[in-house]
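query27.pdb follows; it contains PDB, C-alpha atoms.
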```pdb
ATOM      1  CA  MET H  13     -34.483  -1.446  -7.462  1.00  0.00           C
ATOM      2  CA  GLY H  14     -35.754  -3.674 -10.212  1.00  0.00           C
ATOM      3  CA  THR H  15     -38.957  -4.039 -12.090  1.00  0.00           C
ATOM      4  CA  PHE H  16     -41.894  -6.274 -11.259  1.00  0.00           C
ATOM      5  CA  HIS H  17     -43.042  -6.663 -14.826  1.00  0.00           C
ATOM      6  CA  SER H  18     -43.044  -9.926 -16.687  1.00  0.00           C
ATOM      7  CA  ASP H  19     -41.571 -10.207 -20.152  1.00  0.00           C
ATOM      8  CA  LYS H  20     -44.188  -8.699 -22.441  1.00  0.00           C
ATOM      9  CA  GLY H  21     -41.858  -7.140 -24.960  1.00  0.00           C
ATOM     10  CA  ASP H  22     -39.747  -4.016 -25.241  1.00  0.00           C
ATOM     11  CA  LEU H  23     -42.689  -1.616 -25.108  1.00  0.00           C
ATOM     12  CA  HIS H  24     -44.181  -3.064 -21.942  1.00  0.00           C
ATOM     13  CA  GLY H  25     -44.617  -0.252 -19.421  1.00  0.00           C
ATOM     14  CA  MET H  26     -43.708   2.436 -21.931  1.00  0.00           C
ATOM     15  CA  THR H  27     -46.053   5.284 -22.812  1.00  0.00           C
ATOM     16  CA  VAL H  28     -46.719   5.072 -26.519  1.00  0.00           C
ATOM     17  CA  VAL H  29     -48.441   6.956 -29.318  1.00  0.00           C
ATOM     18  CA  VAL H  30     -50.567   4.716 -31.507  1.00  0.00           C
ATOM     19  CA  ARG H  31     -51.409   6.373 -34.802  1.00  0.00           C
ATOM     20  CA  THR H  32     -54.270   4.786 -36.684  1.00  0.00           C
ATOM     21  CA  ASN H  33     -55.192   4.638 -40.319  1.00  0.00           C
ATOM     22  CA  GLY H  34     -57.913   7.188 -39.570  1.00  0.00           C
ATOM     23  CA  PRO H  35     -58.057  10.550 -37.773  1.00  0.00           C
ATOM     24  CA  ARG H  36     -57.680   9.045 -34.279  1.00  0.00           C
ATOM     25  CA  VAL H  37     -54.510   8.764 -32.248  1.00  0.00           C
ATOM     26  CA  TYR H  38     -54.172   6.949 -28.939  1.00  0.00           C
ATOM     27  CA  VAL H  39     -51.732   7.652 -26.110  1.00  0.00           C
ATOM     28  CA  GLY H  40     -51.368   5.131 -23.311  1.00  0.00           C
ATOM     29  CA  ARG H  41     -49.024   2.887 -21.428  1.00  0.00           C
ATOM     30  CA  CYS H  42     -48.341  -0.266 -23.391  1.00  0.00           C
ATOM     31  CA  ASP H  43     -49.106  -3.500 -21.638  1.00  0.00           C
ATOM     32  CA  GLU H  44     -48.464  -5.789 -24.558  1.00  0.00           C
ATOM     33  CA  HIS H  45     -48.260  -5.555 -28.333  1.00  0.00           C
ATOM     34  CA  ARG H  46     -49.622  -8.803 -29.709  1.00  0.00           C
ATOM     35  CA  PRO H  47     -50.288  -9.934 -33.279  1.00  0.00           C
ATOM     36  CA  ASP H  48     -53.963  -9.013 -32.936  1.00  0.00           C
ATOM     37  CA  GLY H  49     -53.447  -5.569 -31.428  1.00  0.00           C
ATOM     38  CA  ILE H  50     -51.922  -3.439 -28.735  1.00  0.00           C
ATOM     39  CA  ILE H  51     -53.195  -3.416 -25.158  1.00  0.00           C
ATOM     40  CA  LEU H  52     -52.935  -0.005 -23.502  1.00  0.00           C
ATOM     41  CA  ASN H  53     -53.474   1.144 -19.927  1.00  0.00           C
ATOM     42  CA  ASP H  54     -54.450   4.667 -18.801  1.00  0.00           C
ATOM     43  CA  VAL H  55     -55.454   5.655 -22.311  1.00  0.00           C
ATOM     44  CA  ASP H  56     -56.455   8.905 -23.949  1.00  0.00           C
ATOM     45  CA  HIS H  57     -57.426   9.401 -27.568  1.00  0.00           C
ATOM     46  CA  HIS H  58     -57.761  12.375 -29.830  1.00  0.00           C
ATOM     47  CA  ASP H  59     -59.397  12.849 -33.204  1.00  0.00           C
ATOM     48  CA  ASP H  60     -57.709  15.319 -35.540  1.00  0.00           C
ATOM     49  CA  GLY H  61     -59.425  18.679 -35.044  1.00  0.00           C
ATOM     50  CA  GLN H  62     -61.151  17.660 -31.827  1.00  0.00           C
ATOM     51  CA  ASP H  63     -61.526  20.585 -29.403  1.00  0.00           C
ATOM     52  CA  GLY H  64     -59.931  22.800 -32.043  1.00  0.00           C
ATOM     53  CA  LYS H  65     -56.616  20.964 -31.841  1.00  0.00           C
ATOM     54  CA  THR H  66     -54.797  19.193 -34.609  1.00  0.00           C
ATOM     55  CA  THR H  67     -53.169  15.866 -33.869  1.00  0.00           C
ATOM     56  CA  ASP H  68     -49.774  17.582 -33.825  1.00  0.00           C
ATOM     57  CA  GLN H  69     -50.988  20.158 -31.289  1.00  0.00           C
ATOM     58  CA  TYR H  70     -52.453  17.419 -29.124  1.00  0.00           C
ATOM     59  CA  LEU H  71     -49.231  15.429 -29.234  1.00  0.00           C
ATOM     60  CA  GLU H  72     -47.146  18.515 -28.485  1.00  0.00           C
ATOM     61  CA  PHE H  73     -48.992  18.929 -25.171  1.00  0.00           C
ATOM     62  CA  ALA H  74     -48.861  15.190 -24.511  1.00  0.00           C
ATOM     63  CA  SER H  75     -45.116  15.035 -25.059  1.00  0.00           C
ATOM     64  CA  LYS H  76     -44.575  17.817 -22.516  1.00  0.00           C
ATOM     65  CA  TYR H  77     -47.074  16.883 -19.834  1.00  0.00           C
ATOM     66  CA  GLY H  78     -48.731  13.550 -20.569  1.00  0.00           C
ATOM     67  CA  VAL H  79     -52.436  12.886 -21.042  1.00  0.00           C
ATOM     68  CA  PHE H  80     -55.622  12.830 -18.999  1.00  0.00           C
ATOM     69  CA  LYS H  81     -56.870   9.292 -19.430  1.00  0.00           C
ATOM     70  CA  LYS H  82     -60.293   8.458 -20.837  1.00  0.00           C
ATOM     71  CA  HIS H  83     -59.974   4.685 -20.371  1.00  0.00           C
ATOM     72  CA  ASP H  84     -58.280   2.495 -17.799  1.00  0.00           C
ATOM     73  CA  ARG H  85     -57.616  -0.133 -20.439  1.00  0.00           C
ATOM     74  CA  PHE H  86     -58.141  -0.224 -24.193  1.00  0.00           C
ATOM     75  CA  VAL H  87     -57.216  -2.517 -27.057  1.00  0.00           C
ATOM     76  CA  VAL H  88     -56.418  -1.052 -30.475  1.00  0.00           C
ATOM     77  CA  PRO H  89     -56.886  -3.744 -33.142  1.00  0.00           C
ATOM     78  CA  GLN H  90     -53.795  -4.363 -35.236  1.00  0.00           C
ATOM     79  CA  ASP H  91     -55.598  -3.700 -38.521  1.00  0.00           C
ATOM     80  CA  GLU H  92     -56.297  -0.129 -37.345  1.00  0.00           C
ATOM     81  CA  ILE H  93     -52.693   0.626 -36.370  1.00  0.00           C
ATOM     82  CA  ALA H  94     -50.491   2.714 -38.640  1.00  0.00           C
ATOM     83  CA  SER H  95     -47.568   3.136 -36.238  1.00  0.00           C
ATOM     84  CA  VAL H  96     -46.504   2.794 -32.627  1.00  0.00           C
ATOM     85  CA  THR H  97     -43.870   5.119 -31.178  1.00  0.00           C
ATOM     86  CA  ARG H  98     -42.777   6.039 -27.689  1.00  0.00           C
ATOM     87  CA  LEU H  99     -44.213   9.333 -26.466  1.00  0.00           C
ATOM     88  CA  GLY H 100     -40.885  10.178 -24.864  1.00  0.00           C
ATOM     89  CA  GLU H 101     -39.238  10.085 -28.269  1.00  0.00           C
ATOM     90  CA  LEU H 102     -41.484  12.659 -29.959  1.00  0.00           C
TER      91      LEU H 102
ATOM     92  CA  MET S  28     -54.611  -2.612  -5.163  1.00  0.00           C
ATOM     93  CA  PRO S  29     -51.548  -1.593  -3.156  1.00  0.00           C
ATOM     94  CA  TYR S  30     -48.440  -3.751  -3.209  1.00  0.00           C
ATOM     95  CA  PRO S  31     -47.416  -5.493   0.019  1.00  0.00           C
ATOM     96  CA  GLU S  32     -45.685  -2.989   2.246  1.00  0.00           C
ATOM     97  CA  GLU S  33     -42.617  -5.184   2.662  1.00  0.00           C
ATOM     98  CA  MET S  34     -42.114  -4.961  -1.098  1.00  0.00           C
ATOM     99  CA  VAL S  35     -42.485  -1.206  -1.152  1.00  0.00           C
ATOM    100  CA  ALA S  36     -40.468  -0.369   1.955  1.00  0.00           C
ATOM    101  CA  PRO S  37     -37.050  -0.419   0.230  1.00  0.00           C
ATOM    102  CA  MET S  38     -38.377   1.958  -2.438  1.00  0.00           C
ATOM    103  CA  ARG S  39     -39.623   4.331   0.221  1.00  0.00           C
ATOM    104  CA  ALA S  40     -36.281   4.102   2.011  1.00  0.00           C
ATOM    105  CA  GLU S  41     -34.351   4.795  -1.186  1.00  0.00           C
ATOM    106  CA  VAL S  42     -35.937   8.260  -1.241  1.00  0.00           C
ATOM    107  CA  VAL S  43     -36.286   8.960   2.474  1.00  0.00           C
ATOM    108  CA  ASP S  44     -32.598   8.157   2.967  1.00  0.00           C
ATOM    109  CA  LEU S  45     -31.850  11.177   0.768  1.00  0.00           C
ATOM    110  CA  GLY S  46     -33.339  13.389   3.457  1.00  0.00           C
ATOM    111  CA  VAL S  47     -36.657  13.675   1.639  1.00  0.00           C
ATOM    112  CA  GLN S  48     -39.745  14.085   3.814  1.00  0.00           C
ATOM    113  CA  GLU S  49     -42.193  11.249   3.267  1.00  0.00           C
ATOM    114  CA  LEU S  50     -45.822  12.348   3.321  1.00  0.00           C
ATOM    115  CA  ARG S  51     -48.216   9.504   4.032  1.00  0.00           C
ATOM    116  CA  THR S  52     -51.518  11.351   4.477  1.00  0.00           C
ATOM    117  CA  ALA S  53     -53.367  14.194   2.800  1.00  0.00           C
ATOM    118  CA  ALA S  54     -53.036  16.203   6.004  1.00  0.00           C
ATOM    119  CA  GLU S  55     -49.266  15.809   5.922  1.00  0.00           C
ATOM    120  CA  VAL S  56     -49.180  16.966   2.303  1.00  0.00           C
ATOM    121  CA  LYS S  57     -51.335  20.005   3.027  1.00  0.00           C
ATOM    122  CA  GLU S  58     -49.204  20.919   6.018  1.00  0.00           C
ATOM    123  CA  ALA S  59     -46.004  20.577   3.997  1.00  0.00           C
ATOM    124  CA  MET S  60     -47.429  22.727   1.217  1.00  0.00           C
ATOM    125  CA  ALA S  61     -48.966  25.325   3.497  1.00  0.00           C
ATOM    126  CA  ASN S  62     -45.898  27.544   3.444  1.00  0.00           C
ATOM    127  CA  SER S  63     -45.450  28.084  -0.269  1.00  0.00           C
ATOM    128  CA  THR S  64     -42.612  30.601  -0.127  1.00  0.00           C
ATOM    129  CA  GLY S  65     -39.453  29.543  -1.940  1.00  0.00           C
ATOM    130  CA  THR S  66     -38.896  26.319  -3.824  1.00  0.00           C
ATOM    131  CA  ALA S  67     -40.304  22.881  -3.114  1.00  0.00           C
ATOM    132  CA  LEU S  68     -40.032  19.611  -5.000  1.00  0.00           C
ATOM    133  CA  TYR S  69     -42.437  16.713  -4.725  1.00  0.00           C
ATOM    134  CA  PHE S  70     -41.464  13.277  -5.991  1.00  0.00           C
ATOM    135  CA  ILE S  71     -44.335  10.943  -6.810  1.00  0.00           C
ATOM    136  CA  ASN S  72     -42.770   7.575  -6.089  1.00  0.00           C
ATOM    137  CA  SER S  73     -43.902   4.384  -7.828  1.00  0.00           C
ATOM    138  CA  VAL S  74     -43.130   0.693  -7.872  1.00  0.00           C
ATOM    139  CA  CYS S  75     -42.740   0.602 -11.640  1.00  0.00           C
ATOM    140  CA  GLY S  76     -39.231  -0.351 -12.607  1.00  0.00           C
ATOM    141  CA  CYS S  77     -39.701   0.951 -16.154  1.00  0.00           C
ATOM    142  CA  ALA S  78     -39.354   4.484 -14.854  1.00  0.00           C
ATOM    143  CA  ALA S  79     -39.065   4.629 -11.075  1.00  0.00           C
ATOM    144  CA  GLY S  80     -35.979   2.425 -11.200  1.00  0.00           C
ATOM    145  CA  SER S  81     -34.100   5.323 -12.777  1.00  0.00           C
ATOM    146  CA  ALA S  82     -36.140   8.146 -11.249  1.00  0.00           C
ATOM    147  CA  ARG S  83     -35.069   7.429  -7.663  1.00  0.00           C
ATOM    148  CA  PRO S  84     -31.320   7.240  -8.349  1.00  0.00           C
ATOM    149  CA  GLY S  85     -31.702  10.162 -10.737  1.00  0.00           C
ATOM    150  CA  LEU S  86     -33.188  12.209  -7.927  1.00  0.00           C
ATOM    151  CA  LYS S  87     -30.300  11.148  -5.694  1.00  0.00           C
ATOM    152  CA  ILE S  88     -27.736  12.384  -8.200  1.00  0.00           C
ATOM    153  CA  ALA S  89     -29.613  15.638  -8.767  1.00  0.00           C
ATOM    154  CA  LEU S  90     -29.820  16.430  -5.069  1.00  0.00           C
ATOM    155  CA  GLY S  91     -26.021  16.535  -5.041  1.00  0.00           C
ATOM    156  CA  ASN S  92     -26.242  19.728  -7.097  1.00  0.00           C
ATOM    157  CA  ASP S  93     -25.370  23.032  -5.437  1.00  0.00           C
ATOM    158  CA  ASN S  94     -28.711  24.512  -6.426  1.00  0.00           C
ATOM    159  CA  LYS S  95     -31.659  22.471  -5.209  1.00  0.00           C
ATOM    160  CA  PRO S  96     -35.141  22.996  -3.789  1.00  0.00           C
ATOM    161  CA  ALA S  97     -35.459  24.263  -0.235  1.00  0.00           C
ATOM    162  CA  LYS S  98     -38.104  21.674   0.603  1.00  0.00           C
ATOM    163  CA  ILE S  99     -38.392  18.168  -0.780  1.00  0.00           C
ATOM    164  CA  GLY S 100     -41.254  15.789  -0.147  1.00  0.00           C
ATOM    165  CA  THR S 101     -42.430  12.477  -1.516  1.00  0.00           C
ATOM    166  CA  VAL S 102     -45.665  10.552  -1.749  1.00  0.00           C
ATOM    167  CA  PHE S 103     -46.082   6.980  -2.955  1.00  0.00           C
ATOM    168  CA  ALA S 104     -48.603   6.490  -5.761  1.00  0.00           C
ATOM    169  CA  GLY S 105     -50.801   3.443  -5.411  1.00  0.00           C
ATOM    170  CA  GLN S 106     -49.799   3.014  -1.775  1.00  0.00           C
ATOM    171  CA  ASP S 107     -50.736   6.273  -0.062  1.00  0.00           C
ATOM    172  CA  ARG S 108     -53.619   7.311  -2.264  1.00  0.00           C
ATOM    173  CA  GLU S 109     -54.989  10.257  -0.293  1.00  0.00           C
ATOM    174  CA  ALA S 110     -51.542  11.787   0.034  1.00  0.00           C
ATOM    175  CA  THR S 111     -50.888  11.263  -3.662  1.00  0.00           C
ATOM    176  CA  ASP S 112     -54.214  12.830  -4.619  1.00  0.00           C
ATOM    177  CA  ALA S 113     -53.433  15.813  -2.408  1.00  0.00           C
ATOM    178  CA  ALA S 114     -50.017  16.304  -3.975  1.00  0.00           C
ATOM    179  CA  ARG S 115     -51.414  15.952  -7.480  1.00  0.00           C
ATOM    180  CA  GLY S 116     -54.175  18.385  -6.624  1.00  0.00           C
ATOM    181  CA  ALA S 117     -51.599  21.111  -6.126  1.00  0.00           C
ATOM    182  CA  ALA S 118     -50.551  20.717  -9.757  1.00  0.00           C
ATOM    183  CA  SER S 119     -53.846  19.653 -11.270  1.00  0.00           C
ATOM    184  CA  GLN S 120     -53.123  21.357 -14.583  1.00  0.00           C
ATOM    185  CA  PHE S 121     -50.762  18.463 -15.267  1.00  0.00           C
ATOM    186  CA  PRO S 122     -52.079  14.969 -16.006  1.00  0.00           C
ATOM    187  CA  PRO S 123     -51.491  12.531 -13.134  1.00  0.00           C
ATOM    188  CA  SER S 124     -48.340  10.493 -13.644  1.00  0.00           C
ATOM    189  CA  SER S 125     -46.175   8.214 -11.558  1.00  0.00           C
ATOM    190  CA  PRO S 126     -43.355   8.340 -11.069  1.00  0.00           C
ATOM    191  CA  SER S 127     -43.122  12.052 -11.661  1.00  0.00           C
ATOM    192  CA  VAL S 128     -41.456  15.158 -10.303  1.00  0.00           C
ATOM    193  CA  VAL S 129     -43.020  18.557  -9.818  1.00  0.00           C
ATOM    194  CA  LEU S 130     -41.107  21.630  -8.753  1.00  0.00           C
ATOM    195  CA  PHE S 131     -42.914  24.590  -7.199  1.00  0.00           C
ATOM    196  CA  LYS S 132     -41.640  28.129  -6.786  1.00  0.00           C
ATOM    197  CA  ASN S 133     -43.616  30.377  -4.473  1.00  0.00           C
ATOM    198  CA  GLY S 134     -46.526  27.974  -4.707  1.00  0.00           C
ATOM    199  CA  GLU S 135     -46.641  27.797  -8.498  1.00  0.00           C
ATOM    200  CA  PRO S 136     -45.567  24.690 -10.412  1.00  0.00           C
ATOM    201  CA  VAL S 137     -42.650  25.689 -12.636  1.00  0.00           C
ATOM    202  CA  PHE S 138     -41.328  22.311 -13.779  1.00  0.00           C
ATOM    203  CA  TYR S 139     -42.910  18.931 -14.362  1.00  0.00           C
ATOM    204  CA  MET S 140     -41.267  15.674 -15.330  1.00  0.00           C
ATOM    205  CA  PRO S 141     -43.923  13.060 -16.038  1.00  0.00           C
ATOM    206  CA  ARG S 142     -43.303   9.341 -16.267  1.00  0.00           C
ATOM    207  CA  HIS S 143     -42.948   9.161 -20.046  1.00  0.00           C
ATOM    208  CA  GLN S 144     -39.974  11.536 -19.874  1.00  0.00           C
ATOM    209  CA  ILE S 145     -38.282   9.099 -17.472  1.00  0.00           C
ATOM    210  CA  GLU S 146     -39.080   5.794 -19.186  1.00  0.00           C
ATOM    211  CA  GLY S 147     -36.103   4.215 -20.871  1.00  0.00           C
ATOM    212  CA  ARG S 148     -33.628   6.778 -19.533  1.00  0.00           C
ATOM    213  CA  ASP S 149     -30.826   6.076 -17.116  1.00  0.00           C
ATOM    214  CA  ALA S 150     -30.374   7.840 -13.795  1.00  0.00           C
ATOM    215  CA  PRO S 151     -27.732  10.358 -14.959  1.00  0.00           C
ATOM    216  CA  SER S 152     -29.999  11.393 -17.818  1.00  0.00           C
ATOM    217  CA  VAL S 153     -32.912  11.949 -15.445  1.00  0.00           C
ATOM    218  CA  ALA S 154     -30.594  13.844 -13.092  1.00  0.00           C
ATOM    219  CA  PHE S 155     -29.413  16.056 -15.944  1.00  0.00           C
ATOM    220  CA  GLU S 156     -32.974  17.249 -16.548  1.00  0.00           C
ATOM    221  CA  LEU S 157     -33.600  17.837 -12.854  1.00  0.00           C
ATOM    222  CA  VAL S 158     -30.360  19.737 -12.362  1.00  0.00           C
ATOM    223  CA  GLY S 159     -31.282  21.975 -15.271  1.00  0.00           C
ATOM    224  CA  ALA S 160     -34.526  22.840 -13.504  1.00  0.00           C
ATOM    225  CA  PHE S 161     -32.762  23.324 -10.167  1.00  0.00           C
ATOM    226  CA  ASP S 162     -30.231  25.698 -11.714  1.00  0.00           C
ATOM    227  CA  GLU S 163     -33.015  27.652 -13.418  1.00  0.00           C
ATOM    228  CA  PHE S 164     -35.448  27.929 -10.531  1.00  0.00           C
ATOM    229  CA  CYS S 165     -33.532  27.277  -7.305  1.00  0.00           C
ATOM    230  CA  SER S 166     -30.455  29.459  -7.654  1.00  0.00           C
TER     231      SER S 166
END
```
When written as structure tokens, how does the structure in this file appear?
Amino acid sequence: MGTFHSDKGDLHGMTVVVRTNGPRVYVGRCDEHRPDGIILNDVDHHDDGQDGKTTDQYLEFASKYGVFKKHDRFVVPQDEIASVTRLGEL
Amino acid sequence: MPYPEEMVAPMRAEVVDLGVQELRTAAEVKEAMANSTGTALYFINSVCGCAAGSARPGLKIALGNDNKPAKIGTVFAGQDREATDAARGAASQFPPSSPSVVLFKNGEPVFYMPRHQIEGRDAPSVAFELVGAFDEFCS
């Protein structure tokens, strides 16, 4: 059974980790990565050290179980993005 | 907003045709989960082709394994919301995800495969993970 998604790039529909130039990391399902930023659905974010967890500890849980979303939809501006990787590849 | 039922029906059938019990209401989910002895698998179905397109055939392959859960049910995320919420509520320590697979043993969730572990993988790869869980918990 096929997909219903339009062509929005290879990351469309994939759960991704967006590392920023600062202490914050975002995890969400990529809708589209455009020149001005990445549009995410069902998004959580974590600041290094938040709730006593480092970014690595946060991502370790996320890679096993996923994330509890804080936002239905969120745009991370391109000038804040350090890297985008698939959560399933961590 | 749910998809039109005629669009979703083949995706329901793809799972139900495996002998999986479809649970359309919260009451049906609670009844199915009432007897928690033994092993039970719940498949959270989804329209998304990025993951569900390999999750359903992956489940089909996995259910051909000698070891498999005694009970197998499915709910459809985004379509049967109350049923999906009820199924997710039984494993609320895990973030909601669809499609996803949760395996219970004696009422306790012992294995969880969320959507991001399915995305980009083919059906045999998904089946490989499920069979590993079946052999560990259902033998």
* Selection: 6 Å around segment 133-149 of chain S, all atoms listed in the file, excl. self and same-chain fewer than 2 positions, as a list in words ->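 Residues meeting the cut-off are Thr27 and Gly100 of chain H; Ser63, Thr64, Gly65, Cys77, Ala78, Ser81, Ser124, Ser125, Pro126, Ser127, Val128, Val129, Leu130, Phe131, Pro151 and Ser152 of chain S.
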* Name the residues in contact with Ala110 of chain S at a cut-off of 9 Å, using all atoms listed in the file, excluding same-chain residues fewer than 6 positions from it; report them as a PyMOL selection string. => chain S and resi 50-57+102-104
* State, in Å with one decimal place, the distance from atom CA of Glu41 of chain S to atom CA of Cys165 of chain S. =>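 Here the two named atoms are 23.3 Å from each other.
For the structure in this document, the set picked by the PyMOL selection byres ((chain H and resi 93) around 9) is Val30, Arg31, Thr32, Asn33, Gly34, Gly49, Ile50, Val88, Pro89, Gln90, Asp91, Glu92, Ala94, Ser95 and Val96 of chain H.
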* Apply the PyMOL selection byres ((chain H and resi 99) around 6) to the structure shown and report the selected residues as a list in words. =>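 Checking the PyMOL selection byres ((chain H and resi 99) around 6) against this file, the residues are Thr27, Val28, Val29, Ser75, Arg98, Gly100, Glu101 and Leu102 of chain H.
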Any idea what's packed within 6 Å of Glu44 of chain H, counting only C-alpha atoms, ignoring anything in its chain fewer than 3 positions away? Could you give it as an mmCIF file with C-alpha atoms, keeping the file's coordinate frame?
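Produced file out14.cif, reproduced below:
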```cif
data_model
loop_
_atom_site.group_PDB
_atom_site.id
_atom_site.type_symbol
_atom_site.label_atom_id
_atom_site.label_comp_id
_atom_site.auth_asym_id
_atom_site.auth_seq_id
_atom_site.Cartn_x
_atom_site.Cartn_y
_atom_site.Cartn_z
ATOM 1 C CA LYS H 20 -44.188 -8.699 -22.441
ATOM 2 C CA HIS H 24 -44.181 -3.064 -21.942
ATOM 3 C CA ILE H 50 -51.922 -3.439 -28.735
ATOM 4 C CA ILE H 51 -53.195 -3.416 -25.158
#
```
Axis-aligned box for segment 35-41 of chain H, 4 Å per side, centre and edges in Å as lines of an AutoDock Vina configuration file:
```
center_x = -53.5
center_y = 6.7
center_z = -29.6
size_x = 17.0
size_y = 15.7
size_z = 24.3
```
* Which residues match the PyMOL selection byres ((chain S and resi 91) around 12) in the file above, as a list of chain:residue names? ->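 In the shown coordinates, the PyMOL selection byres ((chain S and resi 91) around 12) covers S:Leu45, S:Gly46, S:Pro84, S:Gly85, S:Leu86, S:Lys87, S:Ile88, S:Ala89, S:Leu90, S:Asn92, S:Asp93, S:Asn94, S:Lys95, S:Pro96, S:Pro151, S:Ala154, S:Phe155, S:Leu157, S:Val158, S:Phe161.
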* If we count all atoms listed in the file, what is near Asp84 of chain H at a cut-off of 9 Å, once residues fewer than 2 positions away on the same chain are taken out, given as a PyMOL selection string? -> chain H and resi 52-55+81-82+86
* Using all atoms listed in the file: which of S:Met28, S:Val153, S:Ala36, S:Ala67 has the shortest distance to Arg108 of chain S ->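 Comparing S:Met28, S:Val153, S:Ala36, S:Ala67 against Arg108 of chain S, the winner is S:Met28.
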* To do: Kindly indicate which residue among H:Leu71, H:Val79, H:Val37, H:Cys42 lies nearest to chain S, using all atoms listed in the file for the distances.
  =>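 For chain S, the nearest of the candidates is H:Val79.
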* Between atom CA of Asp60 of chain H and atom CA of Val39 of chain H, measure the distance and give it in Å to one decimal. =>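 Separating atom CA of Asp60 of chain H from atom CA of Val39 of chain H is a distance of 13.5 Å.
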Counting all atoms listed in the file, what is within 12 Å of Pro31 of chain S, bar same-chain residues fewer than 4 positions away, as a CSV table (one decimal) with C-alpha atoms, in the coordinates of the input?
```
chain,number,residue,atom,x,y,z
S,35,VAL,CA,-42.5,-1.2,-1.2
S,36,ALA,CA,-40.5,-0.4,2.0
S,37,PRO,CA,-37.0,-0.4,0.2
S,38,MET,CA,-38.4,2.0,-2.4
S,74,VAL,CA,-43.1,0.7,-7.9
S,105,GLY,CA,-50.8,3.4,-5.4
S,106,GLN,CA,-49.8,3.0,-1.8
```
* To do: Using atom CA of Pro123 of chain S and atom CA of Asn72 of chain S as the two end points, give the distance in Å to one decimal.
  => 12.3 Å
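Considering the residues S:Ala82, S:Val47, S:Ala61, S:Ile71 and counting only C-alpha atoms, chain H has its shortest atom-to-atom contact with S:Ala82.
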* **Using only C-alpha atoms: which of S:Glu32, S:Met60, S:Glu49, S:Cys75 has the shortest distance to Met26 of chain H** => S:Cys75
With C-alpha atoms retained, output segment 40-69 of chain S as a short mmCIF file (atom, residue, chain, number, x, y, z; two decimals), in the first residue's frame.
```cif
data_model
loop_
_atom_site.label_atom_id
_atom_site.label_comp_id
_atom_site.auth_asym_id
_atom_site.auth_seq_id
_atom_site.Cartn_x
_atom_site.Cartn_y
_atom_site.Cartn_z
CA ALA S 40 -8.00 -5.44 5.49
CA GLU S 41 -4.26 -5.93 5.01
CA VAL S 42 -3.98 -6.51 8.76
CA VAL S 43 -7.33 -8.15 9.49
CA ASP S 44 -6.68 -10.70 6.74
CA LEU S 45 -3.74 -11.91 8.84
CA GLY S 46 -6.21 -13.05 11.48
CA VAL S 47 -5.64 -9.96 13.61
CA GLN S 48 -8.60 -8.76 15.66
CA GLU S 49 -9.59 -5.24 14.71
CA LEU S 50 -10.65 -3.11 17.66
CA ARG S 51 -12.77 -0.14 16.66
CA THR S 52 -13.91 1.19 20.04
CA ALA S 53 -12.38 1.80 23.45
CA ALA S 54 -14.73 -0.81 24.89
CA GLU S 55 -13.44 -3.40 22.43
CA VAL S 56 -9.85 -2.56 23.38
CA LYS S 57 -10.58 -2.82 27.10
CA GLU S 58 -12.35 -6.13 26.62
CA ALA S 59 -9.48 -7.51 24.55
CA MET S 60 -6.96 -6.41 27.16
CA ALA S 61 -8.98 -7.55 30.15
CA ASN S 62 -7.37 -10.97 30.25
CA SER S 63 -3.71 -10.05 30.48
CA THR S 64 -2.29 -13.54 30.96
CA GLY S 65 0.22 -14.60 28.32
CA THR S 66 1.40 -12.57 25.37
CA ALA S 67 -0.51 -10.03 23.32
CA LEU S 68 0.57 -7.76 20.49
CA TYR S 69 -1.17 -4.58 19.45
#
```
